[in-house]
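K.L.:
Dropping in data15.pdb, with PDB, N, CA and C atoms.
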```
ATOM      1  N   MET A   1     -16.145   4.892  -7.923
ATOM      2  CA  MET A   1     -16.642   4.074  -9.015
ATOM      3  C   MET A   1     -15.706   2.903  -9.278
ATOM      4  N   ILE A   2     -14.401   3.139  -9.238
ATOM      5  CA  ILE A   2     -13.450   2.056  -9.464
ATOM      6  C   ILE A   2     -13.556   1.025  -8.350
ATOM      7  N   LYS A   3     -13.675   1.495  -7.122
ATOM      8  CA  LYS A   3     -13.778   0.584  -5.983
ATOM      9  C   LYS A   3     -15.018  -0.306  -6.121
ATOM     10  N   LYS A   4     -16.115   0.287  -6.551
ATOM     11  CA  LYS A   4     -17.360  -0.466  -6.718
ATOM     12  C   LYS A   4     -17.208  -1.529  -7.808
ATOM     13  N   SER A   5     -16.544  -1.178  -8.901
ATOM     14  CA  SER A   5     -16.315  -2.128  -9.994
ATOM     15  C   SER A   5     -15.410  -3.275  -9.549
ATOM     16  N   LEU A   6     -14.351  -2.943  -8.807
ATOM     17  CA  LEU A   6     -13.455  -3.986  -8.307
ATOM     18  C   LEU A   6     -14.185  -4.946  -7.381
ATOM     19  N   LYS A   7     -15.003  -4.412  -6.495
ATOM     20  CA  LYS A   7     -15.761  -5.255  -5.576
ATOM     21  C   LYS A   7     -16.698  -6.188  -6.337
ATOM     22  N   ALA A   8     -17.342  -5.670  -7.377
ATOM     23  CA  ALA A   8     -18.260  -6.491  -8.174
ATOM     24  C   ALA A   8     -17.507  -7.612  -8.886
ATOM     25  N   LYS A   9     -16.347  -7.297  -9.461
ATOM     26  CA  LYS A   9     -15.546  -8.323 -10.147
ATOM     27  C   LYS A   9     -15.054  -9.376  -9.160
ATOM     28  N   LEU A  10     -14.630  -8.936  -7.966
ATOM     29  CA  LEU A  10     -14.164  -9.882  -6.969
ATOM     30  C   LEU A  10     -15.287 -10.776  -6.472
ATOM     31  N   ASP A  11     -16.491 -10.243  -6.376
ATOM     32  CA  ASP A  11     -17.644 -11.069  -5.991
ATOM     33  C   ASP A  11     -17.895 -12.164  -7.014
ATOM     34  N   ASP A  12     -17.669 -11.861  -8.294
ATOM     35  CA  ASP A  12     -17.875 -12.847  -9.363
ATOM     36  C   ASP A  12     -16.923 -14.038  -9.243
ATOM     37  N   VAL A  13     -15.718 -13.797  -8.726
ATOM     38  CA  VAL A  13     -14.719 -14.869  -8.653
ATOM     39  C   VAL A  13     -14.454 -15.302  -7.208
ATOM     40  N   ASP A  14     -15.381 -14.971  -6.313
ATOM     41  CA  ASP A  14     -15.258 -15.295  -4.886
ATOM     42  C   ASP A  14     -13.991 -14.717  -4.266
ATOM     43  N   GLY A  15     -13.613 -13.520  -4.698
ATOM     44  CA  GLY A  15     -12.444 -12.834  -4.151
ATOM     45  C   GLY A  15     -12.813 -12.005  -2.938
ATOM     46  N   VAL A  16     -11.792 -11.452  -2.311
ATOM     47  CA  VAL A  16     -11.982 -10.640  -1.110
ATOM     48  C   VAL A  16     -11.379  -9.270  -1.348
ATOM     49  N   PHE A  17     -12.129  -8.234  -1.033
ATOM     50  CA  PHE A  17     -11.653  -6.858  -1.151
ATOM     51  C   PHE A  17     -11.277  -6.370   0.239
ATOM     52  N   ILE A  18     -10.026  -5.962   0.400
ATOM     53  CA  ILE A  18      -9.559  -5.450   1.688
ATOM     54  C   ILE A  18      -9.070  -4.030   1.475
ATOM     55  N   GLU A  19      -9.647  -3.118   2.223
ATOM     56  CA  GLU A  19      -9.258  -1.717   2.114
ATOM     57  C   GLU A  19      -8.357  -1.371   3.298
ATOM     58  N   ALA A  20      -7.164  -0.859   2.995
ATOM     59  CA  ALA A  20      -6.197  -0.522   4.047
ATOM     60  C   ALA A  20      -6.069   0.986   4.176
ATOM     61  N   PRO A  21      -5.953   1.491   5.398
ATOM     62  CA  PRO A  21      -5.781   2.929   5.600
ATOM     63  C   PRO A  21      -4.341   3.349   5.263
ATOM     64  N   THR A  22      -4.080   3.671   4.005
ATOM     65  CA  THR A  22      -2.713   3.932   3.549
ATOM     66  C   THR A  22      -2.072   5.144   4.210
ATOM     67  N   LYS A  23      -2.871   6.105   4.671
ATOM     68  CA  LYS A  23      -2.284   7.250   5.369
ATOM     69  C   LYS A  23      -1.702   6.821   6.711
ATOM     70  N   LYS A  24      -2.227   5.743   7.261
ATOM     71  CA  LYS A  24      -1.754   5.268   8.555
ATOM     72  C   LYS A  24      -0.594   4.279   8.406
ATOM     73  N   ILE A  25      -0.676   3.359   7.450
ATOM     74  CA  ILE A  25       0.352   2.321   7.335
ATOM     75  C   ILE A  25       1.495   2.698   6.400
ATOM     76  N   LYS A  26       1.302   3.679   5.530
ATOM     77  CA  LYS A  26       2.329   4.201   4.620
ATOM     78  C   LYS A  26       3.162   3.091   3.965
ATOM     79  N   PRO A  27       2.556   2.287   3.101
ATOM     80  CA  PRO A  27       3.269   1.139   2.538
ATOM     81  C   PRO A  27       4.504   1.505   1.709
ATOM     82  N   SER A  28       4.523   2.666   1.077
ATOM     83  CA  SER A  28       5.676   3.028   0.257
ATOM     84  C   SER A  28       6.842   3.525   1.099
ATOM     85  N   GLN A  29       6.620   3.766   2.377
ATOM     86  CA  GLN A  29       7.690   4.231   3.257
ATOM     87  C   GLN A  29       8.079   3.170   4.282
ATOM     88  N   THR A  30       7.533   1.972   4.164
ATOM     89  CA  THR A  30       7.796   0.906   5.114
ATOM     90  C   THR A  30       8.722  -0.132   4.492
ATOM     91  N   CYS A  31       9.804  -0.470   5.208
ATOM     92  CA  CYS A  31      10.748  -1.474   4.727
ATOM     93  C   CYS A  31      10.085  -2.848   4.759
ATOM     94  N   PRO A  32      10.086  -3.584   3.643
ATOM     95  CA  PRO A  32       9.450  -4.904   3.631
ATOM     96  C   PRO A  32      10.209  -5.939   4.456
ATOM     97  N   LYS A  33      11.479  -5.675   4.755
ATOM     98  CA  LYS A  33      12.277  -6.640   5.518
ATOM     99  C   LYS A  33      12.113  -6.455   7.020
ATOM    100  N   CYS A  34      12.284  -5.219   7.494
ATOM    101  CA  CYS A  34      12.283  -5.002   8.944
ATOM    102  C   CYS A  34      11.054  -4.250   9.450
ATOM    103  N   GLY A  35      10.260  -3.648   8.559
ATOM    104  CA  GLY A  35       9.059  -2.928   8.962
ATOM    105  C   GLY A  35       9.313  -1.502   9.408
ATOM    106  N   ASN A  36      10.575  -1.061   9.351
ATOM    107  CA  ASN A  36      10.926   0.299   9.754
ATOM    108  C   ASN A  36      10.343   1.306   8.762
ATOM    109  N   GLN A  37       9.778   2.396   9.270
ATOM    110  CA  GLN A  37       9.242   3.449   8.404
ATOM    111  C   GLN A  37      10.229   4.600   8.346
ATOM    112  N   GLU A  38      10.533   5.015   7.132
ATOM    113  CA  GLU A  38      11.463   6.119   6.924
ATOM    114  C   GLU A  38      10.867   7.072   5.910
ATOM    115  N   LYS A  39      10.735   8.334   6.279
ATOM    116  CA  LYS A  39      10.156   9.347   5.393
ATOM    117  C   LYS A  39      11.032   9.494   4.153
ATOM    118  N   LYS A  40      10.402   9.518   2.992
ATOM    119  CA  LYS A  40      11.119   9.649   1.723
ATOM    120  C   LYS A  40      10.494  10.767   0.903
ATOM    121  N   SER A  41      11.320  11.400   0.081
ATOM    122  CA  SER A  41      10.786  12.395  -0.846
ATOM    123  C   SER A  41      10.248  11.664  -2.075
ATOM    124  N   LEU A  42       9.523  12.358  -2.916
ATOM    125  CA  LEU A  42       8.901  11.722  -4.074
ATOM    126  C   LEU A  42       9.913  11.188  -5.085
ATOM    127  N   ASP A  43      11.134  11.730  -5.100
ATOM    128  CA  ASP A  43      12.118  11.263  -6.079
ATOM    129  C   ASP A  43      12.877  10.024  -5.606
ATOM    130  N   GLN A  44      12.708   9.607  -4.368
ATOM    131  CA  GLN A  44      13.371   8.407  -3.865
ATOM    132  C   GLN A  44      12.535   7.184  -4.227
ATOM    133  N   ARG A  45      13.143   6.257  -4.946
ATOM    134  CA  ARG A  45      12.419   5.065  -5.397
ATOM    135  C   ARG A  45      12.929   3.786  -4.743
ATOM    136  N   VAL A  46      14.137   3.823  -4.176
ATOM    137  CA  VAL A  46      14.740   2.611  -3.637
ATOM    138  C   VAL A  46      14.951   2.786  -2.135
ATOM    139  N   HIS A  47      14.595   1.766  -1.378
ATOM    140  CA  HIS A  47      14.822   1.784   0.059
ATOM    141  C   HIS A  47      15.988   0.860   0.368
ATOM    142  N   ILE A  48      16.951   1.348   1.113
ATOM    143  CA  ILE A  48      18.068   0.529   1.557
ATOM    144  C   ILE A  48      17.899   0.328   3.062
ATOM    145  N   CYS A  49      17.694  -0.931   3.447
ATOM    146  CA  CYS A  49      17.444  -1.261   4.848
ATOM    147  C   CYS A  49      18.683  -0.974   5.672
ATOM    148  N   SER A  50      18.498  -0.232   6.754
ATOM    149  CA  SER A  50      19.630   0.128   7.624
ATOM    150  C   SER A  50      19.880  -0.948   8.683
ATOM    151  N   ASN A  51      19.044  -1.951   8.756
ATOM    152  CA  ASN A  51      19.223  -3.031   9.755
ATOM    153  C   ASN A  51      19.930  -4.205   9.173
TER     154      ASN A  51
END
```
Any chance you could give the structure as C-alpha cells?

P.N.:
Amino acid sequence: MIKKSLKAKLDDVDGVFIEAPTKKIKPSQTCPKCGNQEKKSLDQRVHICSN
C-alpha cells in the first residue's frame, strides 16, 4: 500500500520510482567510498573504511 501511494505521488510530480533489490545490494553494509561490503551486526552503526 505504501509503495502504491509513493508511486501515485511521484506520478503527480513527474518523479521516478526505482525499486532496488536490497537483499542483493545490501546498502547498509556497503562502504560508500570504496564499495566494499562488510557484514555488520545490528548494533554497529558506523563503518570505518579499511582502504

K.L.:
Between atom CA of A:Leu42 and atom CA of A:Lys23, what is the distance in Å, rounded to a tenth?

P.N.:
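Spanning atom CA of A:Leu42 to atom CA of A:Lys23 is a straight-line distance of 15.3 Å.
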
K.L.:
Within 12 Å of A:Ile25, counting only C-alpha atoms, which residues show up once you throw out same-chain ones fewer than 3 positions away? Write them as a ChimeraX atom specification, please.

P.N.:
/A:19-22,28-31,35-38

K.L.:
Between atom C of A:Ile2 and atom C of A:Lys24, measure the distance and give it in Å to one decimal.

P.N.:
21.4 Å

K.L.:
According to DSSP computed on the backbone, where in stretch 6-46 of chain A is there alpha helix (DSSP H)? Give the residues as number ranges by chain.

P.N.:
A: 6-12, 22-25

K.L.:
Determine the residue membership of the PyMOL selection byres (((chain A and resi 17 and name CA) around 12) and name CA) for the file above and supply it as number ranges by chain.

P.N.:
A: 3-16, 18-20

K.L.:
Centre and edge lengths, as lines of an AutoDock Vina configuration file, for the axis-aligned box enclosing every listed atom of stretch 17-36 of chain A with 3 Å of padding on each of the six sides, in Å to one decimal?

P.N.:
```
center_x = 0.1
center_y = -0.5
center_z = 4.3
size_x = 30.4
size_y = 21.5
size_z = 16.9
```
